[in-house]
>>> print(open('final.txt').read())   # compact mmCIF, N, CA and C atoms
# COMPACT_ATOMS: atom_id res chain seq x y z
N MET A 1 29.72 2.29 -33.83
CA MET A 1 29.73 0.84 -33.79
C MET A 1 30.45 0.37 -35.05
N THR A 2 31.49 -0.37 -34.88
CA THR A 2 32.29 -0.82 -36.02
C THR A 2 32.25 -2.32 -36.22
N GLU A 3 31.80 -3.06 -35.24
CA GLU A 3 31.73 -4.51 -35.40
C GLU A 3 30.38 -5.02 -34.94
N CYS A 4 29.99 -6.13 -35.51
CA CYS A 4 28.69 -6.74 -35.22
C CYS A 4 28.63 -7.19 -33.77
N PRO A 5 27.58 -6.81 -33.06
CA PRO A 5 27.46 -7.23 -31.66
C PRO A 5 27.14 -8.72 -31.52
N LYS A 6 26.68 -9.36 -32.61
CA LYS A 6 26.30 -10.77 -32.55
C LYS A 6 27.49 -11.69 -32.86
N CYS A 7 28.20 -11.38 -33.99
CA CYS A 7 29.28 -12.28 -34.40
C CYS A 7 30.66 -11.63 -34.37
N GLY A 8 30.73 -10.32 -34.18
CA GLY A 8 32.01 -9.63 -34.13
C GLY A 8 32.56 -9.28 -35.50
N GLY A 9 31.81 -9.55 -36.57
CA GLY A 9 32.26 -9.25 -37.94
C GLY A 9 32.07 -7.78 -38.30
N GLU A 10 32.43 -7.45 -39.55
CA GLU A 10 32.29 -6.07 -40.03
C GLU A 10 30.83 -5.76 -40.32
N LEU A 11 30.53 -4.44 -40.31
CA LEU A 11 29.17 -3.98 -40.56
C LEU A 11 29.12 -3.09 -41.79
N TYR A 12 27.98 -3.13 -42.49
CA TYR A 12 27.67 -2.11 -43.49
C TYR A 12 27.06 -0.94 -42.72
N ASP A 13 27.58 0.27 -42.96
CA ASP A 13 27.05 1.47 -42.30
C ASP A 13 26.24 2.25 -43.33
N ASN A 14 24.92 2.23 -43.20
CA ASN A 14 24.03 2.87 -44.15
C ASN A 14 23.46 4.19 -43.62
N ALA A 15 24.11 4.80 -42.63
CA ALA A 15 23.57 6.00 -42.00
C ALA A 15 23.35 7.13 -43.01
N ALA A 16 24.30 7.31 -43.93
CA ALA A 16 24.16 8.40 -44.91
C ALA A 16 22.98 8.13 -45.85
N LYS A 17 22.82 6.86 -46.26
CA LYS A 17 21.70 6.52 -47.13
C LYS A 17 20.36 6.72 -46.42
N VAL A 18 20.29 6.30 -45.16
CA VAL A 18 19.05 6.44 -44.38
C VAL A 18 18.72 7.92 -44.19
N ALA A 19 19.74 8.75 -43.92
CA ALA A 19 19.52 10.18 -43.75
C ALA A 19 19.00 10.81 -45.04
N GLY A 20 19.36 10.22 -46.19
CA GLY A 20 18.88 10.72 -47.47
C GLY A 20 17.51 10.19 -47.86
N GLY A 21 16.88 9.40 -47.00
CA GLY A 21 15.53 8.92 -47.27
C GLY A 21 15.44 7.46 -47.65
N TRP A 22 16.58 6.76 -47.71
CA TRP A 22 16.58 5.35 -48.07
C TRP A 22 15.87 4.54 -47.00
N LYS A 23 15.05 3.59 -47.41
CA LYS A 23 14.27 2.77 -46.48
C LYS A 23 14.95 1.42 -46.29
N GLY A 24 15.98 1.39 -45.49
CA GLY A 24 16.70 0.15 -45.22
C GLY A 24 17.31 0.19 -43.84
N PRO A 25 18.07 -0.86 -43.49
CA PRO A 25 18.65 -0.90 -42.15
C PRO A 25 19.74 0.15 -41.98
N LEU A 26 19.87 0.65 -40.78
CA LEU A 26 20.91 1.61 -40.44
C LEU A 26 22.28 0.92 -40.46
N LEU A 27 22.36 -0.23 -39.85
CA LEU A 27 23.58 -1.04 -39.81
C LEU A 27 23.20 -2.48 -40.16
N LYS A 28 24.13 -3.18 -40.84
CA LYS A 28 23.86 -4.57 -41.20
C LYS A 28 25.18 -5.33 -41.19
N CYS A 29 25.15 -6.53 -40.65
CA CYS A 29 26.33 -7.38 -40.62
C CYS A 29 26.65 -7.84 -42.04
N LYS A 30 27.95 -7.82 -42.38
CA LYS A 30 28.38 -8.24 -43.72
C LYS A 30 28.31 -9.76 -43.88
N ASP A 31 28.25 -10.47 -42.77
CA ASP A 31 28.15 -11.93 -42.81
C ASP A 31 26.67 -12.31 -42.98
N ALA A 32 26.34 -12.83 -44.15
CA ALA A 32 24.94 -13.19 -44.44
C ALA A 32 24.43 -14.28 -43.49
N ALA A 33 25.31 -15.14 -43.03
CA ALA A 33 24.91 -16.21 -42.11
C ALA A 33 24.50 -15.64 -40.76
N CYS A 34 25.12 -14.53 -40.36
CA CYS A 34 24.79 -13.89 -39.07
C CYS A 34 23.41 -13.22 -39.16
N GLY A 35 23.25 -12.35 -40.15
CA GLY A 35 21.95 -11.71 -40.38
C GLY A 35 21.56 -10.59 -39.44
N TRP A 36 22.49 -10.11 -38.59
CA TRP A 36 22.15 -9.05 -37.63
C TRP A 36 21.93 -7.72 -38.37
N VAL A 37 20.86 -6.99 -38.00
CA VAL A 37 20.58 -5.66 -38.56
C VAL A 37 20.09 -4.74 -37.46
N LYS A 38 20.34 -3.46 -37.64
CA LYS A 38 19.78 -2.44 -36.74
C LYS A 38 19.01 -1.47 -37.61
N TRP A 39 17.73 -1.33 -37.30
CA TRP A 39 16.86 -0.46 -38.07
C TRP A 39 16.83 0.92 -37.44
N PRO A 40 16.60 1.97 -38.26
CA PRO A 40 16.49 3.33 -37.70
C PRO A 40 15.23 3.43 -36.85
N PRO A 41 15.18 4.42 -35.93
CA PRO A 41 13.97 4.58 -35.11
C PRO A 41 12.77 4.89 -35.99
N LYS A 42 11.60 4.54 -35.49
CA LYS A 42 10.36 4.80 -36.23
C LYS A 42 10.21 6.29 -36.46
N SER A 43 9.60 6.63 -37.59
CA SER A 43 9.42 8.03 -37.94
C SER A 43 8.39 8.68 -37.03
N ALA A 44 8.41 10.00 -37.01
CA ALA A 44 7.46 10.76 -36.19
C ALA A 44 6.03 10.51 -36.65
N ALA A 45 5.82 10.29 -37.95
CA ALA A 45 4.47 10.06 -38.45
C ALA A 45 3.90 8.75 -37.89
N LYS A 46 4.74 7.71 -37.85
CA LYS A 46 4.26 6.45 -37.30
C LYS A 46 4.01 6.57 -35.80
N ALA A 47 4.87 7.32 -35.12
CA ALA A 47 4.68 7.52 -33.68
C ALA A 47 3.40 8.31 -33.42
N ALA A 48 3.12 9.30 -34.26
CA ALA A 48 1.90 10.10 -34.09
C ALA A 48 0.66 9.24 -34.33
N ALA A 49 0.73 8.36 -35.32
CA ALA A 49 -0.40 7.47 -35.60
C ALA A 49 -0.65 6.55 -34.41
N ALA A 50 0.40 6.13 -33.76
CA ALA A 50 0.24 5.27 -32.59
C ALA A 50 -0.40 6.02 -31.42
N ARG A 51 -0.16 7.33 -31.33
CA ARG A 51 -0.74 8.13 -30.24
C ARG A 51 -2.22 8.41 -30.44
N GLY A 52 -2.68 8.38 -31.66
CA GLY A 52 -4.08 8.66 -31.92
C GLY A 52 -4.24 9.87 -32.83
N ALA A 53 -5.46 10.24 -33.08
CA ALA A 53 -5.78 11.32 -34.01
C ALA A 53 -5.32 12.67 -33.48
N LYS A 54 -4.88 13.51 -34.40
CA LYS A 54 -4.43 14.85 -34.05
C LYS A 54 -5.62 15.80 -33.86
N TRP A 55 -6.68 15.56 -34.59
CA TRP A 55 -7.83 16.46 -34.59
C TRP A 55 -9.08 15.74 -34.07
N THR A 56 -9.95 16.52 -33.45
CA THR A 56 -11.31 16.05 -33.20
C THR A 56 -12.15 16.69 -34.30
N TRP A 57 -13.35 16.18 -34.52
CA TRP A 57 -14.20 16.75 -35.56
C TRP A 57 -14.52 18.21 -35.26
N SER A 58 -14.76 18.54 -34.01
CA SER A 58 -15.11 19.93 -33.70
C SER A 58 -13.91 20.85 -33.85
N SER A 59 -12.71 20.42 -33.45
CA SER A 59 -11.55 21.30 -33.60
C SER A 59 -11.19 21.47 -35.08
N LEU A 60 -11.35 20.41 -35.87
CA LEU A 60 -11.10 20.51 -37.31
C LEU A 60 -12.10 21.46 -37.96
N SER A 61 -13.35 21.35 -37.57
CA SER A 61 -14.38 22.22 -38.13
C SER A 61 -14.12 23.69 -37.80
N ARG A 62 -13.76 23.97 -36.54
CA ARG A 62 -13.46 25.36 -36.14
C ARG A 62 -12.24 25.91 -36.88
N THR A 63 -11.24 25.06 -37.04
CA THR A 63 -10.02 25.49 -37.73
C THR A 63 -10.30 25.75 -39.21
N TYR A 64 -11.07 24.87 -39.85
CA TYR A 64 -11.41 25.08 -41.26
C TYR A 64 -12.25 26.35 -41.42
N GLU A 65 -13.18 26.57 -40.51
CA GLU A 65 -14.01 27.78 -40.59
C GLU A 65 -13.13 29.03 -40.51
N ARG A 66 -12.17 29.01 -39.61
CA ARG A 66 -11.28 30.16 -39.48
C ARG A 66 -10.43 30.35 -40.73
N CYS A 67 -9.94 29.25 -41.30
CA CYS A 67 -9.16 29.33 -42.54
C CYS A 67 -10.02 29.88 -43.68
N LEU A 68 -11.27 29.46 -43.75
CA LEU A 68 -12.17 29.93 -44.79
C LEU A 68 -12.44 31.43 -44.64
N LEU A 69 -12.65 31.89 -43.41
CA LEU A 69 -12.88 33.32 -43.18
C LEU A 69 -11.64 34.15 -43.51
N LEU A 70 -10.47 33.65 -43.14
CA LEU A 70 -9.23 34.36 -43.48
C LEU A 70 -9.02 34.41 -44.99
N ALA A 71 -9.27 33.29 -45.67
CA ALA A 71 -9.13 33.25 -47.12
C ALA A 71 -10.10 34.22 -47.78
N GLU A 72 -11.33 34.25 -47.30
CA GLU A 72 -12.34 35.16 -47.85
C GLU A 72 -11.89 36.61 -47.70
N LYS A 73 -11.36 36.94 -46.54
CA LYS A 73 -10.91 38.31 -46.28
C LYS A 73 -9.76 38.69 -47.22
N HIS A 74 -8.74 37.85 -47.28
CA HIS A 74 -7.55 38.20 -48.04
C HIS A 74 -7.74 38.07 -49.55
N VAL A 75 -8.47 37.06 -50.01
CA VAL A 75 -8.73 36.93 -51.44
C VAL A 75 -9.63 38.08 -51.89
N GLY A 76 -10.59 38.45 -51.04
CA GLY A 76 -11.46 39.58 -51.38
C GLY A 76 -10.68 40.89 -51.48
N GLU A 77 -9.78 41.13 -50.53
CA GLU A 77 -8.96 42.34 -50.58
C GLU A 77 -8.07 42.35 -51.82
N SER A 78 -7.49 41.19 -52.13
CA SER A 78 -6.64 41.08 -53.31
C SER A 78 -7.45 41.33 -54.59
N SER A 79 -8.66 40.82 -54.61
CA SER A 79 -9.52 41.02 -55.77
C SER A 79 -9.84 42.50 -55.99
N LYS A 80 -10.13 43.19 -54.91
CA LYS A 80 -10.41 44.63 -55.02
C LYS A 80 -9.17 45.39 -55.47
N ARG A 81 -8.03 45.05 -54.91
CA ARG A 81 -6.78 45.75 -55.22
C ARG A 81 -6.35 45.52 -56.66
N THR A 82 -6.49 44.28 -57.15
CA THR A 82 -6.01 43.94 -58.49
C THR A 82 -7.10 44.05 -59.55
N LYS A 83 -8.33 44.25 -59.12
CA LYS A 83 -9.48 44.33 -60.03
C LYS A 83 -9.68 43.04 -60.83
N VAL A 84 -9.32 41.91 -60.19
CA VAL A 84 -9.51 40.59 -60.78
C VAL A 84 -10.57 39.88 -59.95
N VAL A 85 -11.62 39.42 -60.62
CA VAL A 85 -12.71 38.75 -59.91
C VAL A 85 -12.25 37.35 -59.49
N PHE A 86 -12.49 37.01 -58.24
CA PHE A 86 -12.11 35.67 -57.78
C PHE A 86 -13.30 34.74 -57.85
N THR A 87 -12.98 33.44 -57.95
CA THR A 87 -14.02 32.42 -58.03
C THR A 87 -14.08 31.66 -56.70
N MET A 88 -15.08 30.84 -56.57
CA MET A 88 -15.20 30.01 -55.38
C MET A 88 -14.01 29.05 -55.30
N SER A 89 -13.51 28.61 -56.45
CA SER A 89 -12.33 27.74 -56.47
C SER A 89 -11.12 28.43 -55.88
N ASP A 90 -10.95 29.73 -56.19
CA ASP A 90 -9.84 30.50 -55.63
C ASP A 90 -9.96 30.56 -54.11
N LEU A 91 -11.16 30.80 -53.64
CA LEU A 91 -11.40 30.91 -52.21
C LEU A 91 -11.14 29.58 -51.50
N LEU A 92 -11.64 28.49 -52.06
CA LEU A 92 -11.46 27.18 -51.44
C LEU A 92 -9.99 26.73 -51.50
N ALA A 93 -9.29 27.06 -52.58
CA ALA A 93 -7.87 26.72 -52.67
C ALA A 93 -7.07 27.48 -51.60
N SER A 94 -7.41 28.73 -51.38
CA SER A 94 -6.72 29.52 -50.35
C SER A 94 -7.00 28.96 -48.96
N ALA A 95 -8.25 28.59 -48.71
CA ALA A 95 -8.60 28.02 -47.41
C ALA A 95 -7.88 26.69 -47.20
N ALA A 96 -7.79 25.88 -48.25
CA ALA A 96 -7.10 24.59 -48.14
C ALA A 96 -5.61 24.79 -47.86
N THR A 97 -5.01 25.78 -48.50
CA THR A 97 -3.59 26.07 -48.27
C THR A 97 -3.36 26.46 -46.82
N LEU A 98 -4.24 27.29 -46.28
CA LEU A 98 -4.11 27.68 -44.87
C LEU A 98 -4.28 26.48 -43.95
N LEU A 99 -5.26 25.64 -44.23
CA LEU A 99 -5.50 24.47 -43.39
C LEU A 99 -4.31 23.52 -43.41
N ILE A 100 -3.70 23.34 -44.57
CA ILE A 100 -2.51 22.49 -44.67
C ILE A 100 -1.38 23.07 -43.83
N ALA A 101 -1.19 24.38 -43.91
CA ALA A 101 -0.13 25.02 -43.12
C ALA A 101 -0.37 24.83 -41.62
N VAL A 102 -1.60 24.97 -41.20
CA VAL A 102 -1.93 24.78 -39.79
C VAL A 102 -1.68 23.33 -39.38
N ASP A 103 -2.07 22.39 -40.22
CA ASP A 103 -1.91 20.98 -39.88
C ASP A 103 -0.45 20.56 -39.84
N ARG A 104 0.35 21.07 -40.74
CA ARG A 104 1.76 20.67 -40.79
C ARG A 104 2.59 21.25 -39.67
N GLY A 105 2.45 22.53 -39.43
CA GLY A 105 3.34 23.14 -38.46
C GLY A 105 2.64 23.84 -37.33
N GLY A 106 1.36 23.95 -37.43
CA GLY A 106 0.64 24.69 -36.40
C GLY A 106 0.84 26.18 -36.58
N MET A 107 -0.05 26.93 -36.10
CA MET A 107 0.03 28.38 -36.17
C MET A 107 -0.12 28.90 -34.76
N GLN A 108 0.35 30.09 -34.55
CA GLN A 108 0.16 30.71 -33.24
C GLN A 108 -0.33 32.13 -33.43
N GLU A 109 -1.04 32.59 -32.47
CA GLU A 109 -1.54 33.95 -32.52
C GLU A 109 -0.37 34.91 -32.42
N ALA A 110 -0.52 36.05 -33.04
CA ALA A 110 0.53 37.07 -32.94
C ALA A 110 0.65 37.53 -31.50
N ALA A 111 1.87 37.80 -31.10
CA ALA A 111 2.11 38.28 -29.73
C ALA A 111 1.47 39.66 -29.58
N PRO A 112 0.88 39.94 -28.43
CA PRO A 112 0.30 41.25 -28.23
C PRO A 112 1.39 42.32 -28.26
N PRO A 113 1.06 43.51 -28.73
CA PRO A 113 2.07 44.56 -28.77
C PRO A 113 2.52 44.92 -27.36
N PRO A 114 3.76 45.32 -27.21
CA PRO A 114 4.24 45.67 -25.87
C PRO A 114 3.47 46.88 -25.33
N ALA A 115 3.30 46.89 -24.04
CA ALA A 115 2.57 47.99 -23.41
C ALA A 115 3.35 49.28 -23.58
N LYS A 116 2.63 50.36 -23.90
CA LYS A 116 3.27 51.67 -24.04
C LYS A 116 3.34 52.33 -22.68
N LEU A 117 4.46 52.92 -22.42
CA LEU A 117 4.65 53.60 -21.15
C LEU A 117 4.25 55.07 -21.30
N ASP A 118 3.51 55.58 -20.34
CA ASP A 118 3.14 56.99 -20.38
C ASP A 118 4.35 57.87 -20.07
N GLU A 119 5.18 57.40 -19.19
CA GLU A 119 6.37 58.15 -18.80
C GLU A 119 7.58 57.24 -18.93
N PRO A 120 8.74 57.80 -19.27
CA PRO A 120 9.94 56.96 -19.33
C PRO A 120 10.31 56.47 -17.94
N PRO A 121 11.00 55.35 -17.86
CA PRO A 121 11.42 54.85 -16.56
C PRO A 121 12.32 55.86 -15.84
N PRO A 122 12.24 55.93 -14.50
CA PRO A 122 13.03 56.90 -13.75
C PRO A 122 14.54 56.80 -14.01
N ALA A 123 15.07 55.62 -14.20
CA ALA A 123 16.50 55.46 -14.45
C ALA A 123 16.90 56.14 -15.76
N LEU A 124 16.02 56.08 -16.77
CA LEU A 124 16.30 56.73 -18.04
C LEU A 124 16.28 58.25 -17.90
N VAL A 125 15.34 58.77 -17.14
CA VAL A 125 15.25 60.21 -16.91
C VAL A 125 16.50 60.70 -16.18
N ALA A 126 16.94 59.95 -15.16
CA ALA A 126 18.13 60.33 -14.39
C ALA A 126 19.37 60.30 -15.28
N ALA A 127 19.49 59.32 -16.12
CA ALA A 127 20.66 59.22 -17.00
C ALA A 127 20.65 60.37 -18.00
N ALA A 128 19.50 60.76 -18.50
CA ALA A 128 19.42 61.86 -19.46
C ALA A 128 19.80 63.18 -18.79
N GLN A 129 19.45 63.38 -17.54
CA GLN A 129 19.79 64.62 -16.84
C GLN A 129 21.28 64.70 -16.57
N GLU A 130 21.93 63.57 -16.32
CA GLU A 130 23.37 63.57 -16.06
C GLU A 130 24.16 63.89 -17.33
N ASP A 131 23.63 63.58 -18.49
CA ASP A 131 24.35 63.76 -19.74
C ASP A 131 24.09 65.12 -20.38
N ASP A 132 23.51 66.09 -19.65
CA ASP A 132 23.18 67.38 -20.24
C ASP A 132 24.41 68.17 -20.68
N ASP A 133 25.57 67.90 -20.11
CA ASP A 133 26.76 68.67 -20.46
C ASP A 133 27.46 68.13 -21.70
N LEU A 134 26.92 67.10 -22.33
CA LEU A 134 27.56 66.55 -23.52
C LEU A 134 27.27 67.47 -24.72
N PRO A 135 28.25 67.64 -25.63
CA PRO A 135 28.08 68.55 -26.75
C PRO A 135 27.17 68.02 -27.86
N PHE A 136 26.80 66.78 -27.84
CA PHE A 136 25.95 66.27 -28.90
C PHE A 136 24.61 65.84 -28.42
>>> encode(input="final.txt", output="structure tokens")
Amino acid sequence: MTECPKCGGELYDNAAKVAGGWKGPLLKCKDAACGWVKWPPKSAAKAAAARGAKWTWSSLSRTYERCLLLAEKHVGESSKRTKVVFTMSDLLASAATLLIAVDRGGMQEAAPPPAKLDEPPPALVAAAQEDDDLPF
């Protein structure tokens, strides 16, 4: 868009500034009397707030409990390995870090390992038998 849709005048293009975090209009008419502006779309945070809460109390409680158990396991193992005694503050800080990571990006369970085959597929066995005359 190179001209104002309201008056046909020139526009200030602030796209680069907005992309850098500037809180202003995306486009603005250079004619102050016109006053036309186009604002960037609402941020994801504002859209999420409009949709409602991300957590229920029970899901938050279960997630925090899991983070606390994971922190206890890993901080305890680290303490044994390094021979440094950990404090409750260390444990709670680790649990909080895990909870923040879950809240920001979500976590997913590790994919199950692929099933092991007892026997190779028949096509692989047939191909190996055909290649018996190769010198390597």
>>> select_by_dssp(input="final.txt", residues="range 5-136 of chain A", states="alpha helix (DSSP H)", output="number ranges by chain")
A: 15-19, 44-51, 57-82, 88-105, 122-130
>>> atom_distance(input="final.txt", atom1="CA of Pro41 in chain A", atom2="atom C of Ala101 in chain A")
25.7 Å
>>> closest_residue(input="final.txt", among="A:Ala96, A:Ala71, A:Cys4, A:Ala111", to="Trp36 in chain A", atoms="only N, CA and C atoms")
A:Cys4
>>> closest_residue(input="final.txt", among="A:Cys7, A:Ser78, A:Ala16, A:Asp90", to="Cys29 in chain A", atoms="all atoms listed in the file")
A:Cys7
>>> residues_around(input="final.txt", residues="Gly24 in chain A", least_positions_apart="5", cutoff="10 Å", atoms="only C-alpha atoms", output="MDAnalysis selection string")
chainID A and resid 14:15 17:18 37:40
>>> residues_around(input="final.txt", residues="Asp103 in chain A", least_positions_apart="4", cutoff="12 Å", atoms="only C-alpha atoms", output="number ranges by chain")
A: 53-55, 59-60, 63-64, 67, 96-99, 107-108
>>> atom_distance(input="final.txt", atom1="CA of Lys73 in chain A", atom2="atom N of Phe86 in chain A")
12.1 Å
>>> atom_distance(input="final.txt", atom1="CA of Gly9 in chain A", atom2="atom N of Ala32 in chain A")
9.3 Å
>>> select_by_dssp(input="final.txt", residues="chain A", states="strand (DSSP E or B)", output="list in words")
Glu3, Glu10, Leu11, Tyr12, Asp13, Leu27, Lys28, Cys29, Val37 and Lys38 of chain A
>>> write_last_selection(input="final.txt", atoms="N, CA and C atoms", output="JSON list (two decimals), in the frame of the given file")
[["chain", "number", "residue", "atom", "x", "y", "z"],
["A", 3, "GLU", "N", 31.80, -3.06, -35.24],
["A", 3, "GLU", "CA", 31.73, -4.51, -35.40],
["A", 3, "GLU", "C", 30.38, -5.02, -34.94],
["A", 10, "GLU", "N", 32.43, -7.45, -39.55],
["A", 10, "GLU", "CA", 32.29, -6.07, -40.03],
["A", 10, "GLU", "C", 30.83, -5.76, -40.32],
["A", 11, "LEU", "N", 30.53, -4.44, -40.31],
["A", 11, "LEU", "CA", 29.17, -3.98, -40.56],
["A", 11, "LEU", "C", 29.12, -3.09, -41.79],
["A", 12, "TYR", "N", 27.98, -3.13, -42.49],
["A", 12, "TYR", "CA", 27.67, -2.11, -43.49],
["A", 12, "TYR", "C", 27.06, -0.94, -42.72],
["A", 13, "ASP", "N", 27.58, 0.27, -42.96],
["A", 13, "ASP", "CA", 27.05, 1.47, -42.30],
["A", 13, "ASP", "C", 26.24, 2.25, -43.33],
["A", 27, "LEU", "N", 22.36, -0.23, -39.85],
["A", 27, "LEU", "CA", 23.58, -1.04, -39.81],
["A", 27, "LEU", "C", 23.20, -2.48, -40.16],
["A", 28, "LYS", "N", 24.13, -3.18, -40.84],
["A", 28, "LYS", "CA", 23.86, -4.57, -41.20],
["A", 28, "LYS", "C", 25.18, -5.33, -41.19],
["A", 29, "CYS", "N", 25.15, -6.53, -40.65],
["A", 29, "CYS", "CA", 26.33, -7.38, -40.62],
["A", 29, "CYS", "C", 26.65, -7.84, -42.04],
["A", 37, "VAL", "N", 20.86, -6.99, -38.00],
["A", 37, "VAL", "CA", 20.58, -5.66, -38.56],
["A", 37, "VAL", "C", 20.09, -4.74, -37.46],
["A", 38, "LYS", "N", 20.34, -3.46, -37.64],
["A", 38, "LYS", "CA", 19.78, -2.44, -36.74],
["A", 38, "LYS", "C", 19.01, -1.47, -37.61]]
>>> closest_residue(input="final.txt", among="A:Arg66, A:Arg81, A:Lys42, A:Lys30", to="Lys6 in chain A", atoms="only C-alpha atoms")
A:Lys30
>>> closest_residue(input="final.txt", among="A:Arg62, A:His74, A:Lys28, A:Lys83", to="Leu11 in chain A", atoms="all atoms listed in the file")
A:Lys28
>>> axis_aligned_box(input="final.txt", around="range 77-80 of chain A", padding_each_side="5 Å", output="lines of an AutoDock Vina configuration file")
center_x = -8.5
center_y = 43.1
center_z = -53.3
size_x = 13.8
size_y = 14.6
size_z = 15.5
